[in-house]
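Chemist: Sharing my_file-v9.txt below, compact mmCIF, C-alpha atoms:
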# COMPACT_ATOMS: atom_id res chain seq x y z
CA MET H 1 49.22 -40.94 16.91
CA THR H 2 49.02 -38.13 14.37
CA VAL H 3 47.43 -38.35 10.96
CA GLN H 4 50.86 -38.47 9.28
CA GLN H 5 51.84 -41.52 11.35
CA LEU H 6 48.79 -43.64 10.56
CA PRO H 7 49.63 -46.93 8.86
CA ALA H 8 48.36 -47.39 5.31
CA GLU H 9 45.88 -50.07 6.43
CA VAL H 10 44.27 -47.73 8.96
CA VAL H 11 44.13 -44.92 6.40
CA ALA H 12 42.40 -47.26 3.92
CA PHE H 13 39.76 -48.31 6.43
CA THR H 14 39.04 -44.81 7.76
CA GLY H 15 38.74 -43.62 4.16
CA TRP H 16 36.18 -46.34 3.46
CA LEU H 17 34.38 -45.50 6.70
CA SER H 18 34.26 -41.79 5.89
CA GLU H 19 32.93 -42.54 2.42
CA LEU H 20 30.21 -44.70 3.99
CA ALA H 21 29.27 -42.00 6.50
CA GLY H 22 29.21 -39.42 3.71
CA ARG H 23 26.30 -41.32 2.16
CA LEU H 24 24.31 -41.22 5.40
CA GLU H 25 22.12 -38.39 6.64
CA PRO H 26 23.73 -36.79 9.72
CA GLY H 27 21.72 -37.20 12.86
CA ARG H 28 19.55 -39.96 11.39
CA GLY H 29 19.42 -43.70 11.95
CA TRP H 30 21.97 -45.62 13.96
CA TYR H 31 24.66 -43.22 12.77
CA GLY H 32 22.84 -40.45 14.63
CA VAL H 33 22.24 -42.66 17.67
CA PHE H 34 25.90 -43.66 18.05
CA THR H 35 27.17 -40.14 17.38
CA ASP H 36 24.76 -38.69 19.92
CA ARG H 37 25.86 -41.18 22.57
CA ASP H 38 29.61 -40.94 22.08
CA ARG H 39 30.65 -38.18 19.67
CA GLU H 40 34.27 -38.15 20.92
CA GLY H 41 34.66 -41.91 20.59
CA MET H 42 33.21 -41.93 17.08
CA ARG H 43 35.54 -39.11 16.07
CA ALA H 44 38.53 -41.07 17.42
CA CYS H 45 37.56 -44.02 15.24
CA PHE H 46 37.03 -41.88 12.14
CA ASP H 47 40.41 -40.22 12.79
CA GLY H 48 42.13 -43.60 13.00
CA ALA H 49 43.07 -43.30 16.68
CA ASP H 50 41.00 -46.42 17.37
CA ILE H 51 39.12 -49.09 15.45
CA LEU H 52 35.33 -49.00 15.36
CA PRO H 53 33.73 -52.25 16.59
CA TRP H 54 32.47 -54.23 13.62
CA ASP H 55 28.91 -54.45 14.96
CA VAL H 56 28.73 -50.64 14.80
CA VAL H 57 29.97 -50.73 11.20
CA GLU H 58 27.22 -53.24 10.40
CA SER H 59 24.67 -50.80 11.84
CA LEU H 60 25.99 -48.03 9.57
CA LEU H 61 25.69 -50.36 6.59
CA GLN H 62 22.09 -51.07 7.59
CA ASP H 63 21.39 -47.32 7.68
CA LEU H 64 22.50 -47.25 4.05
CA GLY H 65 20.39 -50.29 3.20
CA GLU H 66 23.47 -52.37 2.44
CA PRO H 67 23.82 -55.99 3.66
CA ALA H 68 26.94 -56.79 5.65
CA ASP H 69 27.70 -59.63 3.23
CA GLY H 70 27.20 -57.46 0.12
CA PRO H 71 30.05 -56.05 -1.99
CA ARG H 72 30.45 -52.89 0.10
CA GLY H 73 30.23 -54.80 3.37
CA LEU H 74 32.75 -57.45 2.33
CA ARG H 75 35.18 -54.77 1.19
CA GLY H 76 34.78 -52.93 4.49
CA ARG H 77 35.22 -56.16 6.47
CA ALA H 78 38.55 -56.86 4.76
CA LEU H 79 39.77 -53.31 5.36
CA HIS H 80 38.58 -53.47 8.99
CA ARG H 81 40.50 -56.68 9.67
CA ALA H 82 43.68 -55.29 8.10
CA ALA H 83 43.41 -52.01 10.02
CA ALA H 84 42.72 -53.81 13.30
CA ALA H 85 45.71 -56.10 12.79
CA VAL H 86 48.20 -53.29 12.32
CA HIS H 87 46.57 -51.15 15.02
CA ASP H 88 46.78 -53.98 17.56
CA ARG H 89 50.53 -54.41 16.94
CA SER H 90 51.25 -50.93 18.30
CA PRO H 91 52.84 -50.75 21.79
CA GLY H 92 50.40 -51.89 24.47
CA GLY H 93 48.03 -53.41 21.93
CA THR H 94 47.69 -56.81 23.60
CA GLU H 95 47.08 -55.31 27.02
CA ALA H 96 44.43 -52.94 25.63
CA LEU H 97 42.62 -55.80 23.89
CA ARG H 98 42.61 -57.91 27.05
CA GLU H 99 41.28 -54.98 29.07
CA ARG H 100 38.51 -54.40 26.58
CA ARG H 101 37.57 -58.06 26.47
CA ASP H 102 37.38 -58.22 30.27
CA LEU H 103 35.17 -55.16 30.24
CA MET H 104 32.87 -56.61 27.60
CA GLU H 105 32.56 -59.82 29.60
CA ARG H 106 31.39 -57.74 32.55
CA GLU H 107 29.03 -55.90 30.20
CA ALA H 108 27.60 -59.23 29.05
CA ARG H 109 27.01 -60.34 32.63
CA HIS H 110 25.34 -57.03 33.41
CA ALA H 111 23.05 -57.39 30.36
CA GLU H 112 22.14 -60.93 31.39
CA SER H 113 21.19 -59.64 34.83
CA ARG H 114 19.08 -56.87 33.28
CA ILE H 115 17.30 -59.40 31.08
CA ARG H 116 16.42 -61.53 34.10
CA ASP H 117 15.10 -58.49 35.98
CA LEU H 118 13.12 -57.03 33.07
CA ALA H 119 11.61 -60.36 32.06
CA HIS H 120 9.51 -60.24 35.23
CA THR H 121 8.64 -56.53 35.02
CA PRO H 122 5.38 -55.69 33.18
CA GLY H 123 5.45 -52.87 30.67
CA HIS H 124 9.19 -52.95 29.92
CA ALA H 125 9.16 -54.94 26.68
CA THR H 126 11.20 -52.34 24.78
CA ALA H 127 13.77 -52.04 27.56
CA LEU H 128 14.01 -55.83 27.48
CA SER H 129 14.68 -55.68 23.74
CA TRP H 130 17.49 -53.21 24.36
CA ALA H 131 18.96 -55.45 27.05
CA HIS H 132 18.97 -58.33 24.58
CA ASP H 133 20.69 -56.02 22.10
CA ASP H 134 23.31 -55.09 24.71
CA LEU H 135 23.99 -58.77 25.31
CA ALA H 136 24.25 -59.57 21.60
CA ARG H 137 26.67 -56.69 21.04
CA ALA H 138 28.79 -57.61 24.05
CA ARG H 139 29.08 -61.22 22.88
CA ALA H 140 29.93 -60.12 19.33
CA ARG H 141 32.70 -57.87 20.65
CA ILE H 142 34.07 -60.57 22.91
CA THR H 143 34.37 -62.79 19.85
CA GLU H 144 35.97 -60.01 17.80
CA LEU H 145 38.45 -59.08 20.53
CA THR H 146 39.36 -62.74 21.10
CA GLU H 147 40.07 -63.20 17.40
CA ARG H 148 42.26 -60.10 17.40
CA LEU H 149 44.17 -61.41 20.41
CA ASP H 150 44.62 -64.79 18.74
CA ARG H 151 46.10 -63.11 15.68
CA LEU H 152 48.66 -61.44 17.95
CA GLY H 153 49.58 -64.75 19.54
CA GLY H 154 48.84 -63.30 22.97
CA THR H 155 51.99 -61.13 23.08
CA ASP H 156 52.97 -57.68 21.99
CA HIS H 157 54.66 -57.63 18.60
CA PRO H 158 57.76 -55.44 18.24
CA PRO H 159 58.07 -53.23 15.18
CA SER H 160 59.14 -55.27 12.14
CA THR H 161 61.50 -52.61 10.78
CA PRO H 162 63.48 -49.59 12.11
CA PRO H 163 61.50 -46.73 8.85
CA ALA H 164 58.54 -47.61 12.07
CA PRO H 165 56.87 -44.51 13.79
CA PRO H 166 57.65 -43.54 17.38
CA ALA H 167 55.45 -44.79 20.18
CA SER H 168 52.12 -43.01 20.14
CA PRO H 169 50.50 -41.43 23.21
CA PRO H 170 47.77 -43.41 24.99
CA ARG H 171 44.96 -44.12 22.57
CA ARG H 172 41.60 -42.48 22.97
CA ARG H 173 39.04 -45.20 23.21
CA PRO H 174 35.30 -45.02 22.58
CA ARG H 175 33.23 -44.62 25.68
CA GLY H 176 29.56 -44.83 26.51
CA ALA H 177 26.84 -47.45 26.77
CA ARG H 178 27.38 -48.95 23.34
CA TYR H 179 31.18 -49.12 23.56
CA ALA H 180 31.82 -49.82 27.24
CA TYR H 181 35.57 -49.96 26.51
CA VAL H 182 36.41 -47.49 29.28
CA GLU H 183 33.67 -47.08 31.83
CA GLU H 184 34.78 -45.19 34.91
CA ALA H 185 31.18 -45.05 36.10
CA GLU H 186 31.02 -48.83 36.26
CA ALA H 187 31.73 -48.86 39.99
CA LEU H 188 28.87 -46.48 40.73
CA PRO H 189 25.60 -47.99 41.93
CA GLU H 190 22.99 -48.26 39.21
CA PRO H 191 20.21 -45.71 39.70
CA ALA H 192 16.81 -47.02 40.61
CA PRO H 193 14.67 -47.74 37.53
CA LEU H 194 12.14 -45.11 36.59
CA PRO H 195 8.48 -46.16 36.65
CA LEU H 196 8.14 -45.94 32.87
CA THR H 197 4.91 -47.93 32.99
CA GLU H 198 3.29 -44.95 34.73
CA LEU H 199 3.92 -42.57 31.83
CA PRO H 200 0.85 -41.94 29.64
CA THR H 201 2.73 -42.46 26.38
CA GLY H 202 1.01 -45.57 25.06
CA PRO H 203 1.73 -49.30 25.19
CA ALA H 204 5.20 -50.74 24.84
CA LEU H 205 6.24 -50.93 21.20
CA ALA H 206 9.34 -52.99 20.47
CA PRO H 207 11.83 -51.25 18.17
CA ARG H 208 12.12 -52.79 14.73
CA GLY H 209 14.96 -53.21 12.26
CA ALA H 210 18.53 -54.43 12.61
CA ARG H 211 18.43 -55.50 16.20
CA PHE H 212 14.87 -56.41 16.98
CA GLY H 213 13.46 -58.27 13.99
CA GLY H 214 10.13 -56.45 14.21
CA ALA H 215 8.74 -58.81 16.85
CA PRO H 216 5.51 -57.49 18.41
CA ALA H 217 5.70 -56.56 22.05
CA PRO H 218 3.13 -57.57 24.64
CA THR H 219 1.05 -54.77 26.10
CA SER H 220 -0.15 -54.44 29.64
CA PRO H 221 -3.77 -53.54 30.51
CA ALA H 222 -2.63 -50.15 31.80
CA SER H 223 -0.77 -49.28 28.62
CA ALA H 224 -3.67 -50.50 26.48
CA ALA H 225 -5.96 -48.14 28.39
CA ARG H 226 -3.58 -45.26 27.67
CA ALA H 227 -3.62 -46.08 23.96
CA ALA H 228 -7.41 -45.87 24.01
CA ALA H 229 -7.32 -42.30 25.36
CA PRO H 230 -9.12 -39.74 23.16
CA ALA H 231 -6.70 -38.36 20.57
CA GLY H 232 -8.42 -34.99 20.53
CA ASP H 233 -7.90 -34.16 24.20
CA PRO H 234 -5.24 -31.39 24.10
CA ALA H 235 -4.83 -31.30 27.88
CA GLN H 236 -4.07 -35.02 28.04
CA ALA H 237 -1.71 -34.76 25.05
CA ALA H 238 0.16 -31.92 26.78
CA ARG H 239 0.44 -33.91 30.01
CA ALA H 240 1.72 -36.97 28.13
CA ALA H 241 4.30 -34.88 26.28
CA GLY H 242 5.43 -33.15 29.46
CA ASN H 243 5.83 -36.46 31.28
CA ALA H 244 7.75 -37.98 28.39
CA VAL H 245 10.17 -35.03 28.17
CA TYR H 246 10.73 -35.07 31.92
CA ALA H 247 11.50 -38.80 31.84
CA LEU H 248 13.79 -38.41 28.83
CA ARG H 249 15.82 -35.74 30.61
CA ARG H 250 16.26 -37.95 33.66
CA LEU H 251 17.24 -40.96 31.57
CA ARG H 252 19.75 -38.94 29.54
CA ALA H 253 21.24 -37.46 32.71
CA GLN H 254 21.70 -40.96 34.15
CA GLY H 255 23.29 -42.26 30.95
CA ARG H 256 20.43 -44.70 30.34
CA SER H 257 20.25 -44.11 26.59
CA GLY H 258 18.71 -47.48 25.78
CA GLU H 259 15.72 -46.84 28.03
CA ALA H 260 15.39 -43.32 26.61
CA HIS H 261 15.18 -44.82 23.13
CA ALA H 262 12.62 -47.33 24.36
CA LEU H 263 10.48 -44.53 25.77
CA LEU H 264 10.49 -42.81 22.37
CA CYS H 265 9.31 -46.05 20.77
CA GLU H 266 6.51 -46.32 23.32
CA ALA H 267 5.33 -42.82 22.41
CA LEU H 268 4.66 -44.06 18.88
CA ALA H 269 2.01 -46.42 20.21
CA GLY H 270 -0.11 -43.59 21.62
CA PRO H 271 -2.65 -41.55 19.66
CA PRO H 272 -0.97 -40.12 16.52
CA GLY H 273 -2.49 -36.75 17.29
CA TRP H 274 -0.32 -36.51 20.40
CA LEU H 275 2.93 -36.66 18.47
CA PRO H 276 2.97 -33.05 17.18
CA VAL H 277 2.53 -31.89 20.79
CA LEU H 278 5.45 -34.09 21.82
CA ALA H 279 7.53 -32.67 18.97
CA ALA H 280 6.96 -29.12 20.21
CA GLU H 281 7.90 -30.11 23.78
CA LEU H 282 11.07 -31.87 22.62
CA TYR H 283 12.22 -28.88 20.58
CA ALA H 284 11.47 -26.52 23.46
CA ALA H 285 13.54 -28.72 25.79
CA GLY H 286 16.51 -28.83 23.41
CA LEU H 287 15.86 -32.49 22.55
CA ALA H 288 15.45 -32.09 18.79
CA ALA H 289 17.71 -35.12 18.23
CA ASP H 290 15.20 -37.27 20.11
CA TRP H 291 12.43 -36.10 17.79
CA ALA H 292 14.59 -37.07 14.79
CA THR H 293 15.09 -40.51 16.33
CA LEU H 294 11.35 -40.87 16.90
CA LEU H 295 10.62 -40.03 13.25
CA TRP H 296 13.18 -42.60 12.18
CA GLU H 297 11.46 -45.26 14.28
CA ALA H 298 8.05 -44.16 12.97
CA ALA H 299 9.20 -44.98 9.44
CA THR H 300 9.14 -48.69 10.40
CA LEU H 301 5.53 -48.67 11.64
CA PRO H 302 2.89 -50.82 9.90
CA PRO H 303 1.48 -49.10 6.77
CA ALA H 304 -1.81 -47.92 8.31
CA ARG H 305 -0.03 -46.61 11.40
CA LEU H 306 2.62 -44.86 9.29
CA ALA H 307 -0.12 -43.15 7.31
CA ALA H 308 -1.88 -42.09 10.49
CA VAL H 309 1.27 -40.50 11.91
CA ALA H 310 2.06 -38.76 8.62
CA GLY H 311 -1.49 -37.44 8.44
CA ALA H 312 -1.38 -36.18 12.03
CA LEU H 313 1.85 -34.29 11.34
CA ALA H 314 0.39 -32.75 8.18
CA ASP H 315 -2.82 -31.74 9.95
CA ALA H 316 -0.82 -30.13 12.78
CA GLY H 317 1.11 -27.91 10.38
CA ARG H 318 4.35 -29.88 10.39
CA PRO H 319 4.76 -30.62 6.65
CA ASP H 320 8.55 -30.90 6.86
CA ASP H 321 8.31 -33.62 9.50
CA CYS H 322 5.66 -35.39 7.45
CA GLU H 323 7.83 -35.29 4.33
CA GLN H 324 10.87 -36.52 6.23
CA LEU H 325 8.88 -39.42 7.67
CA LEU H 326 7.64 -40.43 4.23
CA ARG H 327 11.14 -40.13 2.74
CA GLN H 328 12.52 -42.45 5.40
CA GLY H 329 9.77 -44.97 4.77
CA VAL H 330 10.44 -45.56 1.07
CA ALA H 331 12.95 -48.37 1.72
CA ARG H 332 10.09 -50.64 2.80
CA PRO H 333 8.67 -53.44 0.59
CA VAL H 334 6.45 -52.12 -2.19
CA GLU H 335 3.46 -54.04 -0.84
CA GLU H 336 3.67 -52.11 2.44
CA LEU H 337 4.08 -48.79 0.63
CA ALA H 338 0.99 -49.54 -1.44
CA GLY H 339 -0.89 -50.05 1.82
CA ALA H 340 0.41 -46.75 3.19
CA CYS H 341 -0.71 -44.91 0.03
CA ALA H 342 -4.14 -46.50 0.26
CA ALA H 343 -4.45 -45.48 3.92
CA LEU H 344 -3.41 -41.90 3.16
CA HIS H 345 -5.99 -41.70 0.35
CA ALA H 346 -8.66 -43.14 2.63
CA GLU H 347 -7.96 -40.44 5.22
CA GLY H 348 -8.09 -37.65 2.64
CA HIS H 349 -4.34 -37.02 2.67
CA ARG H 350 -3.87 -37.11 -1.09
CA ALA H 351 -1.01 -34.60 -1.06
CA GLU H 352 0.89 -36.74 1.44
CA ALA H 353 0.26 -39.87 -0.63
CA GLN H 354 1.68 -38.06 -3.66
CA ALA H 355 4.70 -36.94 -1.59
CA LEU H 356 5.31 -40.57 -0.66
CA LEU H 357 5.22 -41.59 -4.33
CA THR H 358 7.64 -38.78 -5.25
CA ALA H 359 10.07 -39.80 -2.52
CA PHE H 360 9.75 -43.40 -3.68
CA LEU H 361 10.66 -42.49 -7.27
CA ARG H 362 13.70 -40.52 -6.14
CA ALA H 363 15.07 -43.48 -4.17
CA ARG H 364 13.89 -46.62 -5.98
CA THR H 365 14.23 -48.04 -9.49
CA PRO H 366 11.58 -47.73 -12.23
CA GLU H 367 11.10 -51.50 -11.99
CA ASP H 368 10.24 -51.13 -8.29
CA ALA H 369 7.78 -48.39 -9.23
CA ALA H 370 6.11 -50.72 -11.74
CA ARG H 371 5.73 -53.35 -9.01
CA LEU H 372 4.19 -50.72 -6.76
CA ALA H 373 1.77 -49.64 -9.48
CA ALA H 374 0.65 -53.24 -9.95
CA ALA H 375 -0.81 -53.23 -6.42
CA ASP H 376 -3.50 -50.74 -7.48
CA PRO H 377 -3.04 -49.72 -11.13
CA ALA H 378 -6.05 -47.40 -11.33
CA VAL H 379 -4.82 -45.19 -8.49
CA LEU H 380 -1.06 -45.68 -8.36
CA THR H 381 -0.15 -45.61 -12.07
CA PRO H 382 -1.36 -42.02 -12.65
CA GLY H 383 0.10 -40.94 -9.32
CA LEU H 384 3.49 -42.45 -10.10
CA LEU H 385 3.57 -40.90 -13.58
CA ALA H 386 2.75 -37.48 -12.11
CA ALA H 387 5.46 -37.93 -9.49
CA ALA H 388 8.00 -39.00 -12.13
CA ARG H 389 7.11 -35.95 -14.20
CA ALA H 390 7.87 -33.77 -11.19
CA VAL H 391 11.26 -35.46 -10.70
CA SER H 392 12.66 -35.23 -14.23
CA PRO H 393 11.78 -35.98 -17.87
CA SER H 394 14.24 -38.88 -17.94
CA ARG H 395 12.66 -40.44 -14.85
CA GLU H 396 9.23 -40.15 -16.50
CA ARG H 397 10.53 -41.90 -19.65
CA ASP H 398 12.14 -44.67 -17.61
CA LEU H 399 8.98 -45.22 -15.59
CA ALA H 400 6.78 -45.26 -18.70
CA HIS H 401 9.03 -47.94 -20.20
CA ALA H 402 8.92 -50.03 -17.02
CA LEU H 403 5.12 -49.74 -16.92
CA ARG H 404 4.86 -50.89 -20.55
CA VAL H 405 7.09 -53.87 -19.87
CA ALA H 406 4.87 -54.76 -16.89
CA GLY H 407 1.74 -54.41 -19.05
CA LEU H 408 0.43 -51.47 -17.03
CA ALA H 409 0.76 -48.60 -19.51
Represent the structure from my file as structure tokens, please.
Modeler:
Amino acid sequence: MTVQQLPAEVVAFTGWLSELAGRLEPGRGWYGVFTDRDREGMRACFDGADILPWDVVESLLQDLGEPADGPRGLRGRALHRAAAAVHDRSPGGTEALRERRDLMEREARHAESRIRDLAHTPGHATALSWAHDDLARARARITELTERLDRLGGTDHPPSTPPAPPASPPRRRPRGARYAYVEEAEALPEPAPLPLTELPTGPALAPRGARFGGAPAPTSPASAARAAAPAGDPAQAARAAGNAVYALRRLRAQGRSGEAHALLCEALAGPPGWLPVLAAELYAAGLAADWATLLWEAATLPPARLAAVAGALADAGRPDDCEQLLRQGVARPVEELAGACAALHAEGHRAEAQALLTAFLRARTPEDAARLAAADPAVLTPGLLAAARAVSPSRERDLAHALRVAGLA
């Protein structure tokens, strides 16, 4: 199917999707995760050759900070349904949907089996969270595909008029762990699990955000001992980084992206001073995208932990990484950001605290800034005003007005 032959409904949805992606930072968030896992499949969906699963669209909305039931999400949902309806009526549509649904049912059974296995394996809390995510996505796609089949009435629909385009070549369908629409490797035996609990990268830390709800993960005695390792031991930091990179390469080679992501999350639970060493190892191994993912996960850490990581990056001479981490953290509740600022001040990282306030003012409203200032007026009000002054005169005026309204000026 060429671009000129795309139905108007598909063009409308891909236009909305491209506009959404244009607001996201490439290589960051779930957009970066999905693109890294299946660049060809994502391109096919953006080109209109296939329809992106709605759960993936919801993840992109979350990257933007938009609720799925908000105005943008509701508009996208309507366009998605219309595009899927016309796409499914193309020749072979019913058969393709049935094939995909069968495959997702097998994916769901596989995830259920993984959950049972991991539930009895110490030290794999993050991998268990990913298995639960796999199951939730598979079930959501089964429901979506069933609804699309029901709308077709279970049969292929012939073209309604003769002005209709010629039959298109076989459609390219997304592949990979998160799509599982076409999985030739399904018949291969699953590789033996790596002993991730043996890696000195800290206790298991469950990913937070859209899919995990921020639930704390249990830690094993062995992982707790690793977390207690001295942060200033460069030899141990180098060994931990080397082990982590080795494991990541093996996991990526075996297509076990979920466990690779879990390993990155576990690294965040180790001493913050080890992270700059890990960053250098990842870049040297050509795994810069994994470092970007780790920074994105770090932005969801508790305030004191976020401040510790930012301070470690600044102390190690990685100011760009520190600034990026702080920028990504400004979507958090103002109470948590106030705690992060306080922790940065307590550790002597005043420049980093000011960078966090500047990033906050660039992304949030003056009213949000006034709420933040109220948490510690003596410290945060002057800092916010200085940050606003650095952004623009109009932002300084708006903030001053918001502070007066809040009784803080």
Chemist: Between CA of Leu344 in chain H and CA of Val405 in chain H, what is the distance in Å, rounded to a tenth?
Modeler: 28.0 Å
Chemist: With a distance cut-off of 9 Å and all atoms listed in the file, select the neighbouring residues of Val56 in chain H, excluding the residue or stretch itself and same-chain residues fewer than 2 positions from it, and output the selection as a list of chain:residue names.
Modeler: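 Final neighbour list, sorted by chain and number: H:Trp30, H:Tyr31, H:Phe34, H:Leu52, H:Pro53, H:Trp54, H:Glu58, H:Ser59, H:Leu60, H:Leu61, H:Arg137, H:Arg178.
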Chemist: In Å, with one decimal, what is the gap from CA of Leu399 in chain H to CA of Leu337 in chain H?
Modeler: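 So the two atoms, CA of Leu399 in chain H and CA of Leu337 in chain H, lie 17.3 Å apart.
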Chemist: Could you please determine the separation between CA of Leu356 in chain H and CA of Gly329 in chain H in Å, to one decimal place?
Modeler: 8.3 Å
Chemist: Quick one: everything within 6 Å of Leu264 in chain H, counting all atoms listed in the file, minus sequence neighbours fewer than 3 positions away in the same chain. Send it as a count of residues only.
Modeler: 3
Chemist: Contacts of Ala83 in chain H at 6 Å or less, counting all atoms listed in the file, minus same-chain residues fewer than 3 places along, as a ChimeraX atom specification?
Modeler: /H:9-10,80,86-87
Chemist: Please determine, counting all atoms listed in the file, which residue among H:Ala235, H:Leu385, H:Cys45, H:Leu149 has the shortest atom-to-atom distance to Glu99 in chain H.
Modeler: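 Ranking H:Ala235, H:Leu385, H:Cys45, H:Leu149 by distance to Glu99 in chain H, first place goes to H:Leu149.
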Chemist: At a cut-off of 9 Å from (5.7, -42.4, -16.7) in the coordinates of the file, what residues are picked up using only C-alpha atoms, written as an MDAnalysis selection string?
Modeler: chainID H and resid 381:382 384:389 393 395:403 409
Chemist: Could you please take those selected residues and save C-alpha atoms as an mmCIF file, keeping the file's coordinate frame?
Modeler:
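Once everything was written out, this is out-v1.cif:
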data_model
loop_
_atom_site.group_PDB
_atom_site.id
_atom_site.type_symbol
_atom_site.label_atom_id
_atom_site.label_comp_id
_atom_site.auth_asym_id
_atom_site.auth_seq_id
_atom_site.Cartn_x
_atom_site.Cartn_y
_atom_site.Cartn_z
ATOM 1 C CA THR H 381 -0.150 -45.610 -12.070
ATOM 2 C CA PRO H 382 -1.360 -42.020 -12.650
ATOM 3 C CA LEU H 384 3.490 -42.450 -10.100
ATOM 4 C CA LEU H 385 3.570 -40.900 -13.580
ATOM 5 C CA ALA H 386 2.750 -37.480 -12.110
ATOM 6 C CA ALA H 387 5.460 -37.930 -9.490
ATOM 7 C CA ALA H 388 8.000 -39.000 -12.130
ATOM 8 C CA ARG H 389 7.110 -35.950 -14.200
ATOM 9 C CA PRO H 393 11.780 -35.980 -17.870
ATOM 10 C CA ARG H 395 12.660 -40.440 -14.850
ATOM 11 C CA GLU H 396 9.230 -40.150 -16.500
ATOM 12 C CA ARG H 397 10.530 -41.900 -19.650
ATOM 13 C CA ASP H 398 12.140 -44.670 -17.610
ATOM 14 C CA LEU H 399 8.980 -45.220 -15.590
ATOM 15 C CA ALA H 400 6.780 -45.260 -18.700
ATOM 16 C CA HIS H 401 9.030 -47.940 -20.200
ATOM 17 C CA ALA H 402 8.920 -50.030 -17.020
ATOM 18 C CA LEU H 403 5.120 -49.740 -16.920
ATOM 19 C CA ALA H 409 0.760 -48.600 -19.510
#
Chemist: Ranking H:Glu147, H:Asp134, H:Asp376, H:Glu95 by minimum distance to Ala342 in chain H and counting all atoms listed in the file, which one comes first?
Modeler: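 Closest candidate: H:Asp376.
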Chemist: Can you pull out every residue within 10 Å of Ala285 in chain H, counting all atoms listed in the file, but drop anything in the same chain fewer than 6 positions away, and send it as a PDB file with C-alpha atoms, in the coordinates of the input?
Modeler:
ATOM      1  CA  GLY H 242       5.430 -33.150  29.460  1.00  0.00           C
ATOM      2  CA  VAL H 245      10.170 -35.030  28.170  1.00  0.00           C
ATOM      3  CA  TYR H 246      10.730 -35.070  31.920  1.00  0.00           C
ATOM      4  CA  ARG H 249      15.820 -35.740  30.610  1.00  0.00           C
ATOM      5  CA  ALA H 279       7.530 -32.670  18.970  1.00  0.00           C
TER       6      ALA H 279
END
Chemist: Determine the nearest neighbour of Val277 in chain H from the options H:Ala340, H:Ala241, H:Leu64, H:Leu118, counting only C-alpha atoms.
Modeler: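 When distances to Val277 in chain H are compared using only C-alpha atoms, the smallest one comes from H:Ala241.
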Chemist: For Glu112 in chain H, which residue out of H:Ser129, H:Thr293, H:Ser18, H:Thr300 is the nearest one, using all atoms listed in the file?
Modeler: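 Between H:Ser129, H:Thr293, H:Ser18, H:Thr300, the residue approaching Glu112 in chain H most closely is H:Ser129.
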Chemist: Quick one: residues within 10 Å of Asp321 in chain H, only C-alpha atoms, excluding same-chain residues fewer than 2 positions away - as a list in words?
Modeler: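 Contacts, with the query itself left out: Pro276, Ala279, Trp291, Ala292, Leu295, Ala310, Leu313, Ala314, Gly317, Arg318, Pro319, Glu323, Gln324, Leu325, Leu326 and Arg327 of chain H.
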Chemist: Axis-aligned box over every listed atom of range 28-34 of chain H, padded by 8 Å per side: centre and edges in Å to one decimal, as lines of an AutoDock Vina configuration file?
Modeler:
center_x = 22.7
center_y = -42.8
center_z = 14.7
size_x = 22.5
size_y = 21.7
size_z = 22.7
Chemist: Would you mind writing range 9-16 of chain H with N, CA, C and O atoms, as a PDB file, in the frame of the given file?
Modeler:
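Contents of the output file selection.pdb:
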ATOM      1  N   GLU H   9      47.092 -49.267   6.243  1.00  0.00           N
ATOM      2  CA  GLU H   9      45.880 -50.070   6.430  1.00  0.00           C
ATOM      3  C   GLU H   9      44.803 -49.299   7.191  1.00  0.00           C
ATOM      4  O   GLU H   9      43.609 -49.401   6.880  1.00  0.00           O
ATOM      5  N   VAL H  10      45.228 -48.522   8.196  1.00  0.00           N
ATOM      6  CA  VAL H  10      44.270 -47.730   8.960  1.00  0.00           C
ATOM      7  C   VAL H  10      43.717 -46.603   8.098  1.00  0.00           C
ATOM      8  O   VAL H  10      42.514 -46.297   8.129  1.00  0.00           O
ATOM      9  N   VAL H  11      44.580 -45.978   7.298  1.00  0.00           N
ATOM     10  CA  VAL H  11      44.130 -44.920   6.400  1.00  0.00           C
ATOM     11  C   VAL H  11      43.096 -45.457   5.411  1.00  0.00           C
ATOM     12  O   VAL H  11      42.075 -44.815   5.133  1.00  0.00           O
ATOM     13  N   ALA H  12      43.335 -46.667   4.884  1.00  0.00           N
ATOM     14  CA  ALA H  12      42.400 -47.260   3.920  1.00  0.00           C
ATOM     15  C   ALA H  12      41.042 -47.495   4.559  1.00  0.00           C
ATOM     16  O   ALA H  12      39.999 -47.209   3.965  1.00  0.00           O
ATOM     17  N   PHE H  13      41.034 -48.024   5.793  1.00  0.00           N
ATOM     18  CA  PHE H  13      39.760 -48.310   6.430  1.00  0.00           C
ATOM     19  C   PHE H  13      39.017 -47.029   6.811  1.00  0.00           C
ATOM     20  O   PHE H  13      37.809 -46.916   6.588  1.00  0.00           O
ATOM     21  N   THR H  14      39.724 -46.045   7.387  1.00  0.00           N
ATOM     22  CA  THR H  14      39.040 -44.810   7.760  1.00  0.00           C
ATOM     23  C   THR H  14      38.537 -44.075   6.524  1.00  0.00           C
ATOM     24  O   THR H  14      37.497 -43.411   6.577  1.00  0.00           O
ATOM     25  N   GLY H  15      39.244 -44.213   5.403  1.00  0.00           N
ATOM     26  CA  GLY H  15      38.740 -43.620   4.160  1.00  0.00           C
ATOM     27  C   GLY H  15      37.447 -44.273   3.718  1.00  0.00           C
ATOM     28  O   GLY H  15      36.493 -43.601   3.316  1.00  0.00           O
ATOM     29  N   TRP H  16      37.413 -45.613   3.798  1.00  0.00           N
ATOM     30  CA  TRP H  16      36.180 -46.340   3.460  1.00  0.00           C
ATOM     31  C   TRP H  16      35.052 -45.961   4.408  1.00  0.00           C
ATOM     32  O   TRP H  16      33.914 -45.755   3.990  1.00  0.00           O
TER      33      TRP H  16
END
